[in-house]
$ cat my_file.cif   # mmCIF, C-alpha atoms
data_start
loop_
_atom_site.label_atom_id
_atom_site.label_comp_id
_atom_site.auth_asym_id
_atom_site.auth_seq_id
_atom_site.Cartn_x
_atom_site.Cartn_y
_atom_site.Cartn_z
CA MET S 1 48.89 -3.55 -0.63
CA ASN S 2 46.24 -0.86 -0.95
CA GLU S 3 47.77 2.43 0.13
CA LEU S 4 45.97 4.36 2.81
CA PHE S 5 43.14 6.49 1.48
CA ALA S 6 42.33 9.58 3.52
CA GLY S 7 44.64 8.15 6.21
CA ARG S 8 42.56 4.97 6.57
CA ARG S 9 42.41 1.46 5.17
CA VAL S 10 39.55 1.75 2.71
CA TYR S 11 38.15 -0.74 0.22
CA GLY S 12 35.14 -0.38 -2.00
CA VAL S 13 32.38 -2.40 -3.57
CA THR S 14 31.07 -0.87 -6.76
CA GLY S 15 28.92 -1.87 -9.70
CA TRP S 16 25.74 -1.03 -11.53
CA LYS S 17 22.28 -0.99 -9.94
CA ASN S 18 20.99 -4.48 -9.04
CA ALA S 19 24.48 -5.98 -9.34
CA GLY S 20 24.45 -7.23 -5.74
CA LYS S 21 26.51 -4.49 -4.06
CA THR S 22 24.44 -4.11 -0.91
CA GLY S 23 24.07 -7.85 -0.30
CA LEU S 24 27.80 -8.29 -0.82
CA MET S 25 28.56 -5.41 1.57
CA GLU S 26 26.30 -6.93 4.22
CA ARG S 27 27.97 -10.33 3.90
CA LEU S 28 31.47 -8.80 3.86
CA VAL S 29 30.87 -6.78 7.02
CA ALA S 30 29.62 -9.89 8.85
CA GLU S 31 32.51 -12.02 7.54
CA ILE S 32 35.26 -9.51 8.32
CA VAL S 33 33.87 -8.67 11.76
CA SER S 34 33.65 -12.42 12.53
CA ARG S 35 37.41 -12.55 11.91
CA GLY S 36 38.01 -10.01 14.68
CA PHE S 37 38.38 -6.81 12.64
CA THR S 38 36.45 -3.60 13.20
CA VAL S 39 34.60 -2.23 10.18
CA SER S 40 32.71 0.94 9.34
CA THR S 41 30.83 1.57 6.11
CA ILE S 42 29.92 4.45 3.85
CA LYS S 43 27.12 4.06 1.32
CA HIS S 44 26.69 6.56 -1.50
CA ALA S 45 23.14 7.30 -2.59
CA HIS S 46 22.18 9.07 -5.80
CA HIS S 47 18.89 10.34 -4.39
CA ALA S 48 17.85 12.48 -1.44
CA VAL S 49 18.22 10.39 1.68
CA ASP S 50 16.57 11.04 5.01
CA ILE S 51 17.02 8.89 8.08
CA ASP S 52 14.65 11.12 9.99
CA GLN S 53 10.84 11.22 9.88
CA PRO S 54 8.50 14.19 9.46
CA GLY S 55 6.97 15.25 12.75
CA ARG S 56 9.79 13.90 14.92
CA ASP S 57 11.58 16.39 17.16
CA SER S 58 14.93 15.99 15.38
CA TYR S 59 13.22 16.46 11.99
CA ARG S 60 11.59 19.62 13.30
CA HIS S 61 14.99 20.90 14.48
CA ARG S 62 16.44 20.44 10.98
CA GLU S 63 13.42 21.96 9.28
CA ALA S 64 13.75 24.99 11.57
CA GLY S 65 17.26 25.52 10.19
CA ALA S 66 19.69 23.63 12.43
CA ARG S 67 22.89 22.84 10.54
CA GLU S 68 23.58 19.66 12.50
CA VAL S 69 21.37 17.55 14.73
CA ILE S 70 22.53 14.66 16.87
CA LEU S 71 19.88 12.11 17.73
CA ALA S 72 21.06 10.07 20.70
CA SER S 73 19.82 7.17 22.80
CA ARG S 74 21.25 4.44 25.02
CA ARG S 75 21.74 2.18 21.97
CA ARG S 76 23.09 4.50 19.23
CA TRP S 77 23.51 8.04 18.05
CA ALA S 78 23.33 9.61 14.61
CA LEU S 79 24.63 12.93 13.36
CA MET S 80 22.63 14.54 10.59
CA HIS S 81 24.33 17.36 8.72
CA GLU S 82 22.28 19.53 6.40
CA LEU S 83 24.17 20.59 3.29
CA ARG S 84 21.58 23.22 2.40
CA ASP S 85 23.19 24.83 -0.67
CA GLU S 86 26.68 23.35 -0.13
CA VAL S 87 28.15 20.75 -2.48
CA GLU S 88 28.33 17.13 -1.42
CA PRO S 89 31.58 16.56 0.51
CA PRO S 90 34.23 14.34 -1.09
CA LEU S 91 34.64 10.78 0.16
CA GLU S 92 37.94 11.66 1.88
CA GLU S 93 36.17 14.24 4.05
CA LEU S 94 33.46 11.76 5.05
CA ILE S 95 36.01 9.06 5.90
CA ALA S 96 37.83 11.53 8.15
CA LYS S 97 34.64 11.91 10.21
CA LEU S 98 34.59 8.21 11.14
CA ALA S 99 36.04 6.86 14.36
CA PRO S 100 39.16 4.73 13.83
CA VAL S 101 38.53 1.15 12.67
CA ASP S 102 40.56 -1.54 10.94
CA LEU S 103 38.74 -1.15 7.62
CA VAL S 104 36.25 1.22 6.02
CA LEU S 105 34.12 -0.48 3.37
CA VAL S 106 32.61 1.89 0.82
CA GLU S 107 29.60 1.08 -1.36
CA GLY S 108 29.39 3.09 -4.56
CA TYR S 109 31.76 5.94 -5.39
CA LYS S 110 32.71 4.36 -8.74
CA ARG S 111 34.99 7.24 -9.71
CA SER S 112 36.80 7.68 -6.41
CA GLY S 113 40.49 6.75 -6.17
CA HIS S 114 40.30 3.92 -3.60
CA HIS S 115 40.62 0.26 -4.61
CA LYS S 116 37.41 -1.65 -5.28
CA VAL S 117 35.80 -4.97 -6.08
CA GLU S 118 33.13 -4.79 -8.76
CA ALA S 119 29.92 -6.69 -8.07
CA PHE S 120 28.61 -8.04 -11.37
CA ARG S 121 25.45 -9.93 -12.28
CA GLY S 122 25.12 -11.02 -15.89
CA GLU S 123 21.33 -10.68 -15.79
CA THR S 124 21.49 -6.88 -15.44
CA GLY S 125 22.69 -6.55 -19.04
CA GLN S 126 25.20 -3.89 -18.02
CA ALA S 127 28.79 -3.88 -19.24
CA LEU S 128 31.64 -4.44 -16.81
CA LEU S 129 33.11 -1.31 -15.25
CA ALA S 130 36.50 -2.96 -14.61
CA PRO S 131 38.04 -2.67 -18.09
CA GLY S 132 37.78 1.13 -17.94
CA ASN S 133 38.52 1.63 -14.24
CA ALA S 134 42.01 0.89 -12.90
CA THR S 135 40.83 1.19 -9.27
CA ILE S 136 38.79 -2.01 -9.68
CA ARG S 137 41.14 -4.78 -8.54
CA ALA S 138 38.79 -7.80 -8.87
CA VAL S 139 35.31 -8.71 -10.06
CA ALA S 140 32.83 -10.65 -7.94
CA SER S 141 30.60 -12.23 -10.55
CA ASP S 142 27.67 -14.65 -10.77
CA THR S 143 28.76 -15.65 -14.26
CA PRO S 144 32.10 -16.77 -15.74
CA LEU S 145 34.08 -13.92 -17.29
CA ALA S 146 36.94 -14.23 -19.76
CA ASP S 147 39.66 -11.89 -20.96
CA LEU S 148 40.11 -10.00 -17.69
CA THR S 149 43.57 -9.30 -16.32
CA ILE S 150 42.25 -9.07 -12.75
CA PRO S 151 40.87 -11.85 -10.52
CA VAL S 152 37.28 -13.00 -10.95
CA ILE S 153 35.74 -14.39 -7.75
CA ASP S 154 32.35 -16.06 -7.39
CA LEU S 155 29.88 -13.42 -6.16
CA ASP S 156 28.54 -15.86 -3.58
CA ASP S 157 31.99 -16.79 -2.19
CA THR S 158 32.03 -14.18 0.55
CA ALA S 159 35.01 -15.74 2.35
CA ALA S 160 37.17 -15.60 -0.81
CA ILE S 161 36.15 -11.99 -1.50
CA ALA S 162 36.92 -11.07 2.12
CA ASP S 163 40.31 -12.84 1.87
CA PHE S 164 41.10 -10.81 -1.25
CA ILE S 165 40.08 -7.48 0.32
CA LEU S 166 41.92 -8.13 3.60
CA ARG S 167 45.11 -9.02 1.66
CA GLU S 168 44.76 -5.97 -0.56
CA ALA S 169 44.13 -3.73 2.44
CA GLY S 170 47.25 -5.08 4.16
CA LEU S 171 45.32 -6.55 7.09
CA VAL S 172 46.46 -10.15 6.45
CA GLY S 173 49.35 -11.75 4.62
CA ASP S 174 49.19 -13.87 1.49
CA ALA S 175 48.36 -17.01 3.49
CA ALA S 176 44.88 -15.74 4.51
#

$ encode --input "my_file.cif" --output "structure tokens"
Amino acid sequence: MNELFAGRRVYGVTGWKNAGKTGLMERLVAEIVSRGFTVSTIKHAHHAVDIDQPGRDSYRHREAGAREVILASRRRWALMHELRDEVEPPLEELIAKLAPVDLVLVEGYKRSGHHKVEAFRGETGQALLAPGNATIRAVASDTPLADLTIPVIDLDDTAAIADFILREAGLVGDAA
């Protein structure tokens, strides 16, 4: 069983660019939620990200210097926190900000200590991360892989990948 990470059940999807991480995350969220579990996600981006738009009131609030801005409506709310000159917070700190759920799925964060599945597409030409990263517990691949000591699951077999993650996270038994 995956031990709790930052006090939560956390499992990651990692891999190189264009390996299929985001598509896999999307399918996993839908699959796991369809099984009755609650899921939240964290996605790491390597570039400046902005969910707000220039000219909007909330954007203007941030540009004026507000440290945090909550944008709220009847359908959803979002909290934007400006780091300004602060360092990016560690994954554990971000996880702690989430409301309780059954499972937090994390995209990216290759070097973080939580357990992960590596998404791998042979066409990218990138080497596997798994052999050098003990936190990677399985590889979801579009191509057969040999000489791995961890499970290799078909990248398109979302149900099997979800079964593996739910077992590893301790949310279901071995007979998933």

$ atom_distance --input "my_file.cif" --atom1 "CA of Ser40 (chain S)" --atom2 "CA of Val10 (chain S)"
9.6 Å

$ resolve_selection --input "my_file.cif" --expression "the PyMOL selection byres ((chain S and resi 92) around 12)" --output "PyMOL selection string"
chain S and resi 4-10+42+88-91+93-98+104+106+109+112-114

$ closest_atom_pairs --input "my_file.cif" --of "region 24-46 of chain S" --to "region 161-175 of chain S" --cutoff "9 Å" --atoms "only C-alpha atoms" --output "tab-separated table"
residue	atom	partner	partner_atom	distance
S:Leu28	CA	S:Ala162	CA	6.2
S:Val29	CA	S:Ala162	CA	8.9
S:Glu31	CA	S:Ala162	CA	7.1
S:Ile32	CA	S:Ala162	CA	6.6
S:Phe37	CA	S:Leu171	CA	8.9

$ write_last_selection --input "my_file.cif" --atoms "C-alpha atoms" --output "PDB file, keeping the file's coordinate frame"
ATOM      1  CA  LEU S  28      31.470  -8.800   3.860  1.00  0.00           C
ATOM      2  CA  VAL S  29      30.870  -6.780   7.020  1.00  0.00           C
ATOM      3  CA  GLU S  31      32.510 -12.020   7.540  1.00  0.00           C
ATOM      4  CA  ILE S  32      35.260  -9.510   8.320  1.00  0.00           C
ATOM      5  CA  PHE S  37      38.380  -6.810  12.640  1.00  0.00           C
TER       6      PHE S  37
END

$ resolve_selection --input "my_file.cif" --expression "the PyMOL selection byres ((chain S and resi 119-127) around 9)" --output "list in words"
Val13, Thr14, Gly15, Trp16, Lys17, Asn18, Ala19, Gly20, Lys21, Leu24, Val117, Glu118, Leu128, Leu129, Ala138, Val139, Ala140, Ser141, Asp142, Thr143 and Leu155 of chain S

$ resolve_selection --input "my_file.cif" --expression "the PyMOL selection byres ((chain S and resi 136) around 7)" --output "list in words"
His115, Lys116, Val117, Glu118, Ala130, Asn133, Ala134, Thr135, Arg137 and Ala138 of chain S

$ atom_distance --input "my_file.cif" --atom1 "CA of Asp147 (chain S)" --atom2 "CA of His44 (chain S)"
29.8 Å

$ atom_distance --input "my_file.cif" --atom1 "CA of Leu105 (chain S)" --atom2 "CA of Glu26 (chain S)"
10.2 Å

$ residues_around --input "my_file.cif" --residues "Glu68 (chain S)" --least-positions-apart "4" --cutoff "9 Å" --atoms "all atoms listed in the file" --output "mmCIF file with C-alpha atoms, in the frame of the given file"
data_model
loop_
_atom_site.group_PDB
_atom_site.id
_atom_site.type_symbol
_atom_site.label_atom_id
_atom_site.label_comp_id
_atom_site.auth_asym_id
_atom_site.auth_seq_id
_atom_site.Cartn_x
_atom_site.Cartn_y
_atom_site.Cartn_z
ATOM 1 C CA HIS S 61 14.990 20.900 14.480
ATOM 2 C CA ARG S 62 16.440 20.440 10.980
ATOM 3 C CA LEU S 79 24.630 12.930 13.360
ATOM 4 C CA MET S 80 22.630 14.540 10.590
ATOM 5 C CA HIS S 81 24.330 17.360 8.720
ATOM 6 C CA GLU S 82 22.280 19.530 6.400
#

$ closest_residue --input "my_file.cif" --among "S:Tyr11, S:Lys110, S:Ile70, S:Ala30" --to "Thr158 (chain S)" --atoms "only C-alpha atoms"
S:Ala30

$ axis_aligned_box --input "my_file.cif" --around "region 25-41 of chain S" --padding-each-side "5 Å" --output "lines of an AutoDock Vina configuration file"
center_x = 32.3
center_y = -5.5
center_z = 8.1
size_x = 22.1
size_y = 24.1
size_z = 23.1
